[in-house]
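> I'd like to ask you about the structure that follows.
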Amino acid sequence: MIRFPATAVVAAAAFTLANATFAQAAGVIEGGSKQALNIEAIALFFVFVASTLVITYWAARRMRSAADFYAAGGGITAGQNGLAIAGDYMSAASFLGISGLVFASGYDGLVYSVGWLVGWPIILFLIAERLRNLGKYTFADVVSFRLGQTQIRTLSAVGTLTVVAFYLIAQMVGAGKLIELLFGLPYLYAVIIVGALMMVYVAFGGMVATTWVQIIKACLLLGGATFMAFMVALTFGFSPEAMFQAAVDIHPKKASIMAPGNLITDPISAVSLGIALMFGTAGLPHILMRFFTVSDAKAARKSVFYATGLIGYFYILTFIIGFGAITLLMNDPSFFKVSAGGAYNKITDLLGGTNMAAIHLSNAVGGSILLGFISAVAFATILAVVAGLTLAGASAVSHDLFASVIAKGKLSEDREVAISKITAVAIGIVAIVLGYIFENQNVAFMVGLAFSVAASCNFPVLLMAIMWKGTTTLGAFVGGLLGLVSSVAGVVLGPPVWVKTFGFASAPFPYDNPALFSMAIAFGSIWLFSKLDASKRAQADRAGFEPQYVRSETGIGAVGAVTH
Amino acid sequence: MNAQVIETVKRDPQFEELVVKRSHFAWTLCGAMLAIYFGFIFVVAFAPKVLGLSLGGVTTLGIPVGVAVIVSAFVLTGIYVRRANAEFDTITRQIVERAK
């Protein structure tokens, strides 16, 4: 196995970061720029980065096998995994985006956040245990358990890389913009720092480092959000009625913020979005990988329980934070772009946009120290999420494409891990370049697209391979491919891209989210092409169901934890 | 895992019992979650005024309902994990022991 001089890299990364921030600090002070330099945020972020690099160094020294690299040797506990899963899910987009949505529209933010949560029970009931019992490192292990390795792993790798690419671009662009705003760092520097750190975490520390970065960040984010919600509640003497009353009095939309508004105008779009969020979660490769990091099905099950509780709690906090922002920010002009006459729009003129509501609120309730803390946590959140995505992408390339499709299982473990590390670095570089290219593009649709593809390609193939005896290689391959193509086509031809990005007057596909249709296409064609499949391969596929079924239900023969 | 173990497990009457019980339970909970969520979404889409009903002050019915949907997701996972950890795991262990 290739051994990297981890200390040297850690030192180099810290040095680059120090130079970048200090150079910027000097520039801001000299230029007398309006952008206040956020010393607390930078200091706290340094502490975070330093501690994660120490963890990466520790993880790199302990890493001995492919199981360590891909799945942390199966040695993560249910509680730790629950935190890591919650961490993967509580991205900066959901923290800032949902609190911003509550700030702008009130109740609609709650409707939206519920959709993100309800996928978790479904994952638990239908796939979590079976995934753990059948898989090793990637969800393709599970899908290809009895189906043709070459076709299914190629399809799964394409599905994984598509999801990772869209998710990663959205995160990189969001990261650059956010950090530019919070830290006063130029966009490109921010993107490079994020890309470089995620490469270091994944290439040197593998799943162990990626998981611990996620756990630390989840604790920081939950702690910070809890404190903010507590301070808001304290302001109103812990009376929700008092808080809502103050919000209704201040908000320009008055009492309408207490009921569903215009978020959902068209029921088909609403159901389609709900389905994409629900089943997309069950098809996200970086989330599915987490089930292989625990020792057995019982731990997999418990980790979903913890994760669901933490994520639900987090969404209730963001709701309180959003309302707190309405009551504590809207009457204070210092948080807004104020025109010469002193007037400002209480929603759209918020400095940095409505997504900054939670950040400004931290300043309002906890001063510059809390502002620094929350800013640093937002940065850390992005880092942790992109590291998980990078690891999922790198595993798909090394474990599925290289080891199984190209080398037909004849690749040594050390070579496979080395390829994964090289891929992680390549993904990091590509992410930086794409982040730079897409700087001024509207990438908001990309997270929705990632979820649609996950729900329409990865999830149907996974569920049908586990649940239905009749699924054949041909059926899964064609169905998954059609799900992938139709979901991408639906997003591109729909209003989010066709109208908002390309600027056409009306979209050929009328709904915001194609998942309702593309999932139906995927499931329908997996069924149809499996039924029509009379090949020799199909007979072997069906015969292979029985051993798979016994193992998925009982865990007999499942890969256990590695003991050193 | 060899063919003989698979045969033994397949013939074990408790295996059939486990699979039927567990999948019935899991699909029931799955149905409950889908019904709660899509029930909520349909009210939001077709009868948003219901969620805007006042509970005395400015607080509306929508607030406890929304929070209840979130809590229900957690409670449903809890119900499943509780039964799986006790009942299903015990049966599974017995089946695995016998197959050895």
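As shown in the structure tokens, the chain order sets the letters A, B, ...; within each chain, residues go from 1, and ligands are also counted from 1 in the order they appear.
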Compile the contact shell of Thr60 (chain B) as a count of residues only: residues with an atom at most 7 Å away, counting only C-alpha atoms, same-chain residues fewer than 5 positions apart removed.

6

> As a PyMOL selection string, could you give me every residue of chain A near chain B (at most 9 Å apart, counting only C-alpha atoms)?

chain A and resi 107+110-111+113-115+117-122+124-126+240-242+244-245+248+255-256+258-261+264-267+270-271+274+298+301-302+304-306+308-309+312-313+315-316+546-547+550-551+553-557

> Between CA of Val164 (chain A) and CA of Gly448 (chain A), measure the distance and give it in Å to one decimal.

12.3 Å

> CA of His399 (chain A) and CA of Ser420 (chain A) are how many Å apart?

7.7 Å

> Could you jot down the CA of Ile347 (chain A) to CA of Asp108 (chain A) separation for me, Å, one decimal place?

14.8 Å

> Need the shell around His251 (chain A): protein/DNA/RNA residues with any atom at most 9 Å away, counting only C-alpha atoms. Skip same-chain ones fewer than 4 positions apart. Format as a PyMOL selection string?

chain A and resi 103-104+246-247+255+257+326-327+330+346-347

> Please write the residues from the selection above to a file, keeping N, CA and C atoms, as a short mmCIF file (atom, residue, chain, number, x, y, z; two decimals), in the first residue's frame.


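The new file again-v9.cif reads:
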```
data_model
loop_
_atom_site.label_atom_id
_atom_site.label_comp_id
_atom_site.auth_asym_id
_atom_site.auth_seq_id
_atom_site.Cartn_x
_atom_site.Cartn_y
_atom_site.Cartn_z
N PHE A 103 -37.64 32.67 7.38
CA PHE A 103 -37.52 34.12 7.50
C PHE A 103 -38.36 34.82 6.44
N ALA A 104 -38.30 34.33 5.20
CA ALA A 104 -39.01 34.99 4.10
C ALA A 104 -40.50 34.65 4.07
N ALA A 246 -45.09 38.43 17.96
CA ALA A 246 -44.10 39.45 17.57
C ALA A 246 -43.77 39.32 16.08
N ALA A 247 -43.64 38.07 15.59
CA ALA A 247 -43.29 37.86 14.18
C ALA A 247 -44.40 38.36 13.26
N ALA A 255 -50.12 37.92 9.16
CA ALA A 255 -50.58 36.62 9.69
C ALA A 255 -50.43 35.47 8.69
N ILE A 257 -47.87 34.35 7.44
CA ILE A 257 -46.68 33.54 7.71
C ILE A 257 -47.00 32.36 8.63
N ILE A 326 -36.94 36.76 12.13
CA ILE A 326 -38.00 37.72 11.78
C ILE A 326 -38.13 38.77 12.89
N THR A 327 -38.24 38.27 14.12
CA THR A 327 -38.54 39.19 15.22
C THR A 327 -37.35 40.06 15.60
N MET A 330 -35.78 42.13 11.61
CA MET A 330 -36.52 42.92 10.63
C MET A 330 -36.67 44.39 10.99
N LYS A 346 -38.01 44.51 4.09
CA LYS A 346 -37.67 43.69 5.25
C LYS A 346 -37.30 42.25 4.89
N ILE A 347 -37.53 41.85 3.65
CA ILE A 347 -37.14 40.49 3.26
C ILE A 347 -35.96 40.53 2.30
#
```

> Which of region 26-201 of chain A counts as alpha helix (DSSP H) under DSSP, as a VMD selection string please?

chain A and resid 26 to 31 39 to 62 66 to 71 78 to 89 92 to 105 107 to 117 119 to 122 129 to 134 139 to 143 149 to 183 187 to 201

> With only C-alpha atoms as the counted atoms, please give the residues lying no more than 7 Å from Gly490 (chain A), apart from itself and same-chain residues fewer than 4 positions off, as a VMD selection string.

chain A and resid 486 494 509 514

> Okay, now the selection with N, CA and C atoms, as a PDB file, in the first residue's frame?


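Result written to part38.pdb:
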```
ATOM      1  N   SER A 486     -34.271   9.965 -17.889  1.00  0.00           N
ATOM      2  CA  SER A 486     -35.527  10.719 -17.806  1.00  0.00           C
ATOM      3  C   SER A 486     -35.475  11.759 -16.687  1.00  0.00           C
ATOM      4  N   GLY A 494     -37.414  21.182 -17.715  1.00  0.00           N
ATOM      5  CA  GLY A 494     -38.418  21.761 -16.825  1.00  0.00           C
ATOM      6  C   GLY A 494     -38.101  23.207 -16.482  1.00  0.00           C
ATOM      7  N   PHE A 509     -41.357  20.606 -20.284  1.00  0.00           N
ATOM      8  CA  PHE A 509     -41.829  19.753 -19.199  1.00  0.00           C
ATOM      9  C   PHE A 509     -42.320  20.677 -18.087  1.00  0.00           C
ATOM     10  N   PRO A 514     -39.083  16.136 -11.743  1.00  0.00           N
ATOM     11  CA  PRO A 514     -39.578  15.032 -12.572  1.00  0.00           C
ATOM     12  C   PRO A 514     -39.714  13.696 -11.840  1.00  0.00           C
TER      13      PRO A 514
END
```
